[in-house]
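Notes follow once the structure below has been shown.
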Number of protein chains: 2
Amino acid sequence: MTSLERQQYIIGVDLGGTNIVAGAMTADGSRHLAMRSIPTNSSVGDEGVAERMIALIEGVILDAMSETDATRTDFVGIGIGAPGPLDREEGIVLVAPNLGWKDFPLRKRIQDRLKLPTTLDNDANCATFGEWWQGAARGGKNVVGITIGTGIGGGLILNGALYHGSSDMAGEIGHTTIDLNGRHCKCGNYGCLEAYASAPAIATRACEVLVREEGESSIPAMVNGKFDDITAQIVYDAAQAGDQIANEIVRDTAKYLGAGVANLLNIFNPDIVVVAGGVTAAGDALFVPLRAEVRRRAFSPAVRAVKIVPGELPGTAGVVGAVASFKQQYLGGV
Amino acid sequence: MTSLERQQYIIGVDLGGTNIVAGAMTADGSRHLAMRSIPTNSSVGDEGVAERMIALIEGVILDAMSETDATRTDFVGIGIGAPGPLDREEGIVLVAPNLGWKDFPLRKRIQDRLKLPTTLDNDANCATFGEWWQGAARGGKNVVGITIGTGIGGGLILNGALYHGSSDMAGEIGHTTIDLNGRHCKCGNYGCLEAYASAPAIATRACEVLVREEGESSIPAMVNGKFDDITAQIVYDAAQAGDQIANEIVRDTAKYLGAGVANLLNIFNPDIVVVAGGVTAAGDALFVPLRAEVRRRAFSPAVRAVKIVPGELPGTAGVVGAVASFKQQYLGGV
């Protein structure tokens, strides 16, 4: 940037079922500005949520202007990460069960009102792309991102670019079968990774174990004996604090996750696998047995080529990646 | 090509555990010349097999010259497909259990003797690339190739180029777990697709079934009652001829294969999946239940985006793809 060129800014938005997170970044990624979050309130419907997003973005632009010498014309565009499946080309959210949306032209709504070029991408893709641009997957050539929450989302970066597949459906890592006669998954398939290693699956496993072995764990006291209140986060916290049963549950989860990650190693031969989401709170209690299970299952040249790491941008990876996706789609490169 | 430019030729070689196949092609792919096959005779060792390959290539060049007006200088290079894992950059076959090789510098041996630029690639990658260039996957943007034989090999074409991964290990589709507590696979993992859907797995399943239900099938008569002589090919032939038990075995195979292919749809969202190898002889007996199982398991937008087809270049896909790989690696594009 010469002294005559003005700094340019890009807005990133991460639309989730619970919260909308947005922020501004300098186009070179060097500064994050005005990161904010509001509840999604999906009950207001698709148009209502779009209005909330527009108001949030307006607020981010004003805040960012107050933090810098930027003027309105220095904002060059908006990248949005949204739950899929999407039609990226047309900027449409095809189906979003958690939002209750169907065929909603989100990009057009935002773009028309804010008069800024806008791109749309899958939220799990954005989270992976964010970790690649500025987080735990920096410098990776071929990266698999796995985000573990209510579901298990995935994103693929191949040869340094987000890979979308033939109809923007690529990266549904949570819905790969690791046990073909196994548990029924809400996607309709059987034995999906998500059915074994998502946060609700971990909470359910904890309940099942504790019904039998209550006395030996600190978890029942943590939920005042209400097993229905057990969450994955509580299991991770107990594991970190040294609870043996919580550690066993995390190890079981690592075994399932390890089978899924080993498949990805044998298929993709990535140099980085980044695991993000609340599960990273379990730390080594998860990552040590996870890496061991992957070593047991995947080809050793693929194991030697990869590092398996926790995400480094909790809460902001989606926004950072939405900015990176705008750069890839609209500016031609990150 | 103007009248002043001479036609250029590229040699393709497909090195297998049983046979070495080679042929010449015009660089534009329009003509196949002098396709020949000799036994590998792997017992002669790595240097001995390299000598056999050199003699075969010399023969192909002479034959191709006799079929055209080509002179020796019109041959611009050699593409080799070999079993992996490989170090593509260095041209080394790292490990090839079926050949008994370890760290053999195959590319250098061929290149030094024949004084032609030579590239090395994985045999399953080449088979997929051949189907993409001139066979069943023509026009595909994102292609998954699955070759079913003694093992199950795979190749990935993403955005129109062979995808190799971070250390040339990508595409080991046969070694993805579909049943994490399932059969032990010779790779050391458990429940790999290869342990259920390879040709030997199909022959074994036929034996197991026929020991119980002999009277209702034509297969025992086809092997004179010697169940050990049952091969996958015999099962396919019997299925094609309407044998009920053979059809059940093929349907079972399709179910396992369908779980593996559905995983690939949810991960890659390809536009074409090409299934090659002897198994294609089973025809609709395999492909109809295979497509049905994939529909049951994969996300419907991914199912709608794909066609699942048999290979069209039995016996030559590897040679054609080795030529295509030479073009991608040495000439910069196919």
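Ligands are numbered from 1 in the order shown, residues from 1 within each chain, and chains are lettered A, B, ... in the order they appear in the structure tokens.
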(message) Give me the residues near Val309 of chain B as a PyMOL selection string, where near means some atom within 9 Å (using only C-alpha atoms) and where sequence neighbours in that chain fewer than 3 positions away do not count.
(response) chain B and resi 136-137+272-276+287+312
Those residues you just picked out, can you put them in a file as a compact mmCIF listing (two decimals), in the first residue's frame with N, CA and C atoms?
# COMPACT_ATOMS: atom_id res chain seq x y z
N ALA B 136 -15.23 -43.14 -19.36
CA ALA B 136 -16.56 -42.93 -18.78
C ALA B 136 -16.68 -41.63 -17.99
N ALA B 137 -15.56 -41.00 -17.63
CA ALA B 137 -15.61 -39.80 -16.81
C ALA B 137 -15.30 -38.53 -17.62
N ILE B 272 -19.00 -37.19 -11.19
CA ILE B 272 -18.94 -38.55 -11.73
C ILE B 272 -18.20 -39.46 -10.76
N VAL B 273 -18.76 -40.64 -10.51
CA VAL B 273 -18.03 -41.72 -9.86
C VAL B 273 -17.91 -42.84 -10.89
N VAL B 274 -16.69 -43.21 -11.21
CA VAL B 274 -16.49 -44.28 -12.18
C VAL B 274 -15.94 -45.50 -11.46
N VAL B 275 -16.65 -46.61 -11.60
CA VAL B 275 -16.27 -47.87 -10.96
C VAL B 275 -15.70 -48.78 -12.03
N ALA B 276 -14.44 -49.17 -11.88
CA ALA B 276 -13.78 -49.97 -12.91
C ALA B 276 -13.25 -51.26 -12.32
N PHE B 287 -24.75 -52.41 -10.50
CA PHE B 287 -24.95 -50.96 -10.52
C PHE B 287 -26.33 -50.52 -10.05
N GLU B 312 -15.03 -47.45 -18.95
CA GLU B 312 -15.18 -47.76 -20.38
C GLU B 312 -13.88 -48.21 -21.02
Which residues are close to Ile78 of chain A, i.e. within 8 Å by only C-alpha atoms, leaving aside same-chain residues fewer than 5 positions away? Reply as a short mmCIF file (atom, residue, chain, number, x, y, z; two decimals) with N, CA and C atoms, in the first residue's frame.
data_model
loop_
_atom_site.label_atom_id
_atom_site.label_comp_id
_atom_site.auth_asym_id
_atom_site.auth_seq_id
_atom_site.Cartn_x
_atom_site.Cartn_y
_atom_site.Cartn_z
N ILE A 10 -13.15 -5.25 4.69
CA ILE A 10 -14.16 -6.26 4.30
C ILE A 10 -14.91 -6.67 5.57
N ILE A 11 -16.23 -6.84 5.42
CA ILE A 11 -17.06 -7.29 6.53
C ILE A 11 -17.23 -8.80 6.46
N GLY A 12 -17.10 -9.48 7.58
CA GLY A 12 -17.39 -10.90 7.65
C GLY A 12 -18.59 -11.13 8.57
N VAL A 13 -19.47 -12.05 8.16
CA VAL A 13 -20.65 -12.36 8.97
C VAL A 13 -20.77 -13.88 9.10
N LEU A 116 -23.22 -3.20 -1.33
CA LEU A 116 -21.84 -3.68 -1.34
C LEU A 116 -21.82 -5.09 -1.93
N PRO A 117 -20.79 -5.40 -2.73
CA PRO A 117 -20.67 -6.76 -3.26
C PRO A 117 -20.67 -7.75 -2.10
N THR A 118 -21.45 -8.82 -2.24
CA THR A 118 -21.61 -9.78 -1.14
C THR A 118 -21.43 -11.20 -1.67
N THR A 119 -20.74 -12.04 -0.89
CA THR A 119 -20.61 -13.45 -1.25
C THR A 119 -21.19 -14.31 -0.13
N VAL A 323 -14.61 -13.53 5.48
CA VAL A 323 -13.83 -12.49 4.80
C VAL A 323 -12.90 -13.14 3.77
N PHE A 326 -14.89 -14.20 0.78
CA PHE A 326 -15.17 -13.04 -0.08
C PHE A 326 -13.96 -12.75 -0.96
#
Within 6 Å of chain B, which residues of chain A are there when counting only C-alpha atoms? Please give them as a PDB file with N, CA and C atoms, in the first residue's frame.
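Saved the output as iface-v7.pdb:
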ATOM      1  N   GLY A 165     -16.855 -28.707  -4.283  1.00  0.00           N
ATOM      2  CA  GLY A 165     -17.542 -29.816  -4.939  1.00  0.00           C
ATOM      3  C   GLY A 165     -18.384 -29.337  -6.102  1.00  0.00           C
ATOM      4  N   SER A 166     -19.170 -30.268  -6.659  1.00  0.00           N
ATOM      5  CA  SER A 166     -19.886 -29.977  -7.900  1.00  0.00           C
ATOM      6  C   SER A 166     -21.180 -29.215  -7.680  1.00  0.00           C
ATOM      7  N   MET A 169     -21.784 -28.967  -2.053  1.00  0.00           N
ATOM      8  CA  MET A 169     -22.147 -29.880  -0.971  1.00  0.00           C
ATOM      9  C   MET A 169     -20.922 -30.551  -0.341  1.00  0.00           C
ATOM     10  N   ALA A 170     -19.739 -30.242  -0.804  1.00  0.00           N
ATOM     11  CA  ALA A 170     -18.554 -30.954  -0.311  1.00  0.00           C
ATOM     12  C   ALA A 170     -18.303 -30.674   1.168  1.00  0.00           C
ATOM     13  N   GLY A 171     -17.627 -31.601   1.825  1.00  0.00           N
ATOM     14  CA  GLY A 171     -17.158 -31.390   3.194  1.00  0.00           C
ATOM     15  C   GLY A 171     -18.101 -31.850   4.283  1.00  0.00           C
ATOM     16  N   GLU A 172     -19.115 -32.625   3.946  1.00  0.00           N
ATOM     17  CA  GLU A 172     -20.054 -33.098   4.974  1.00  0.00           C
ATOM     18  C   GLU A 172     -19.445 -34.284   5.719  1.00  0.00           C
ATOM     19  N   ILE A 173     -18.356 -33.983   6.396  1.00  0.00           N
ATOM     20  CA  ILE A 173     -17.562 -34.993   7.081  1.00  0.00           C
ATOM     21  C   ILE A 173     -18.345 -35.662   8.211  1.00  0.00           C
ATOM     22  N   THR A 176     -20.255 -39.024   7.233  1.00  0.00           N
ATOM     23  CA  THR A 176     -19.599 -40.175   6.634  1.00  0.00           C
ATOM     24  C   THR A 176     -19.816 -41.345   7.586  1.00  0.00           C
ATOM     25  N   THR A 177     -20.149 -42.484   6.993  1.00  0.00           N
ATOM     26  CA  THR A 177     -20.456 -43.697   7.750  1.00  0.00           C
ATOM     27  C   THR A 177     -19.184 -44.320   8.298  1.00  0.00           C
ATOM     28  N   ILE A 178     -19.118 -44.519   9.596  1.00  0.00           N
ATOM     29  CA  ILE A 178     -17.994 -45.285  10.152  1.00  0.00           C
ATOM     30  C   ILE A 178     -18.470 -46.640  10.676  1.00  0.00           C
ATOM     31  N   ASP A 179     -19.791 -46.870  10.654  1.00  0.00           N
ATOM     32  CA  ASP A 179     -20.352 -48.152  11.103  1.00  0.00           C
ATOM     33  C   ASP A 179     -21.638 -48.382  10.320  1.00  0.00           C
ATOM     34  N   LEU A 180     -21.529 -49.126   9.219  1.00  0.00           N
ATOM     35  CA  LEU A 180     -22.634 -49.127   8.260  1.00  0.00           C
ATOM     36  C   LEU A 180     -23.933 -49.722   8.791  1.00  0.00           C
ATOM     37  N   ASN A 189     -29.105 -41.474   7.160  1.00  0.00           N
ATOM     38  CA  ASN A 189     -28.092 -42.511   6.974  1.00  0.00           C
ATOM     39  C   ASN A 189     -27.881 -43.269   8.293  1.00  0.00           C
ATOM     40  N   ASN A 263     -10.014 -42.020   8.000  1.00  0.00           N
ATOM     41  CA  ASN A 263     -10.580 -42.099   6.650  1.00  0.00           C
ATOM     42  C   ASN A 263     -10.157 -40.881   5.822  1.00  0.00           C
ATOM     43  N   ASN A 266      -6.554 -41.175   4.694  1.00  0.00           N
ATOM     44  CA  ASN A 266      -6.342 -42.112   3.593  1.00  0.00           C
ATOM     45  C   ASN A 266      -6.934 -41.597   2.283  1.00  0.00           C
ATOM     46  N   ILE A 267      -7.965 -40.773   2.372  1.00  0.00           N
ATOM     47  CA  ILE A 267      -8.565 -40.231   1.153  1.00  0.00           C
ATOM     48  C   ILE A 267      -7.806 -38.998   0.664  1.00  0.00           C
ATOM     49  N   PHE A 268      -7.504 -38.052   1.566  1.00  0.00           N
ATOM     50  CA  PHE A 268      -6.985 -36.726   1.186  1.00  0.00           C
ATOM     51  C   PHE A 268      -5.526 -36.506   1.398  1.00  0.00           C
ATOM     52  N   ASN A 269      -4.932 -37.262   2.336  1.00  0.00           N
ATOM     53  CA  ASN A 269      -3.506 -37.041   2.634  1.00  0.00           C
ATOM     54  C   ASN A 269      -3.238 -35.549   2.907  1.00  0.00           C
ATOM     55  N   PRO A 270      -3.971 -34.984   3.908  1.00  0.00           N
ATOM     56  CA  PRO A 270      -3.794 -33.557   4.203  1.00  0.00           C
ATOM     57  C   PRO A 270      -2.510 -33.318   4.996  1.00  0.00           C
ATOM     58  N   ASP A 271      -2.062 -32.060   5.026  1.00  0.00           N
ATOM     59  CA  ASP A 271      -0.933 -31.751   5.907  1.00  0.00           C
ATOM     60  C   ASP A 271      -1.403 -31.230   7.263  1.00  0.00           C
ATOM     61  N   ARG A 297      -4.951 -46.545  12.595  1.00  0.00           N
ATOM     62  CA  ARG A 297      -5.835 -46.855  11.473  1.00  0.00           C
ATOM     63  C   ARG A 297      -5.342 -46.396  10.102  1.00  0.00           C
TER      64      ARG A 297
END
(request) Mind the document's chain letters and residue numbers, and return as a list in words the residues of segment 91-202 of chain A that DSSP labels alpha helix (DSSP H). (result) Leu106, Arg107, Lys108, Arg109, Ile110, Gln111, Asp112, Arg113, Leu114, Asp123, Ala124, Asn125, Cys126, Ala127, Thr128, Phe129, Gly130, Glu131, Trp132, Trp133, Gln134, Glu194, Ala195, Tyr196, Ala197, Ala199, Pro200, Ala201 and Ile202 of chain A
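The coordinates place atom CA of Asp228 of chain B at 7.6 Å from atom CA of Cys207 of chain B.
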(request) To one decimal in Å, tell me the separation between atom CA of Leu106 of chain A and atom CA of Ala50 of chain A. (result) 7.0 Å
(message) So that I can check the surroundings of segment 70-77 of chain B, please list as number ranges by chain every protein, DNA and RNA residue that reaches within 12 Å of it, counting only C-alpha atoms and ignoring chain neighbours fewer than 5 positions away.
(response) B: 5-13, 23-27, 33, 57-58, 60-65, 107, 110-111, 114-120, 322-327, 329-331
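Across B:Asn98, B:Gln240, B:Ser198, B:Thr128, the tightest approach to Ile152 of chain B is made by B:Ser198 when counting only C-alpha atoms.
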Please list as a compact mmCIF listing (two decimals) with C-alpha atoms, in the first residue's frame every residue within 8 Å of Asn122 of chain B, counting only C-alpha atoms and excluding residues in the same chain fewer than 4 positions away.
# COMPACT_ATOMS: atom_id res chain seq x y z
CA GLY B 81 1.70 -45.74 -13.60
CA ALA B 82 3.00 -47.92 -10.77
CA PRO B 83 1.68 -49.33 -7.50
CA GLY B 84 2.35 -47.05 -4.51
CA PRO B 85 3.13 -45.46 -2.19
CA LEU B 86 5.45 -43.40 -4.38
CA CYS B 126 -3.69 -43.16 -13.75
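For Thr150 of chain A, the non-local neighbours within 10 Å, defined as residues at least 3 positions apart in the same chain or in other chains and counting only C-alpha atoms, are Thr147, Gly153, Glu194, Ala197, Ser198, Ala199, Pro200, Ala201, Ala232, Gly277 and Gly278 of chain A.
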Just to be explicit: take each residue in the selection above, keep C-alpha atoms, and write the result as an mmCIF file, in the first residue's frame.
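Ended up saving to out-v3.cif:
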data_model
loop_
_atom_site.group_PDB
_atom_site.id
_atom_site.type_symbol
_atom_site.label_atom_id
_atom_site.label_comp_id
_atom_site.auth_asym_id
_atom_site.auth_seq_id
_atom_site.Cartn_x
_atom_site.Cartn_y
_atom_site.Cartn_z
ATOM 1 C CA THR A 147 -16.071 -28.381 13.690
ATOM 2 C CA GLY A 153 -19.350 -29.750 10.075
ATOM 3 C CA GLU A 194 -21.937 -37.174 13.838
ATOM 4 C CA ALA A 197 -18.896 -37.728 18.191
ATOM 5 C CA SER A 198 -21.130 -34.632 18.178
ATOM 6 C CA ALA A 199 -21.706 -32.727 21.424
ATOM 7 C CA PRO A 200 -25.181 -34.272 21.986
ATOM 8 C CA ALA A 201 -23.761 -37.762 21.317
ATOM 9 C CA ALA A 232 -20.587 -32.107 26.336
ATOM 10 C CA GLY A 277 -15.648 -26.330 18.429
ATOM 11 C CA GLY A 278 -16.337 -26.783 22.137
#
(request) Write out as a count of residues only all residues of segment 28-98 of chain B that backbone DSSP assigns to strand (DSSP E or B). (result) 23
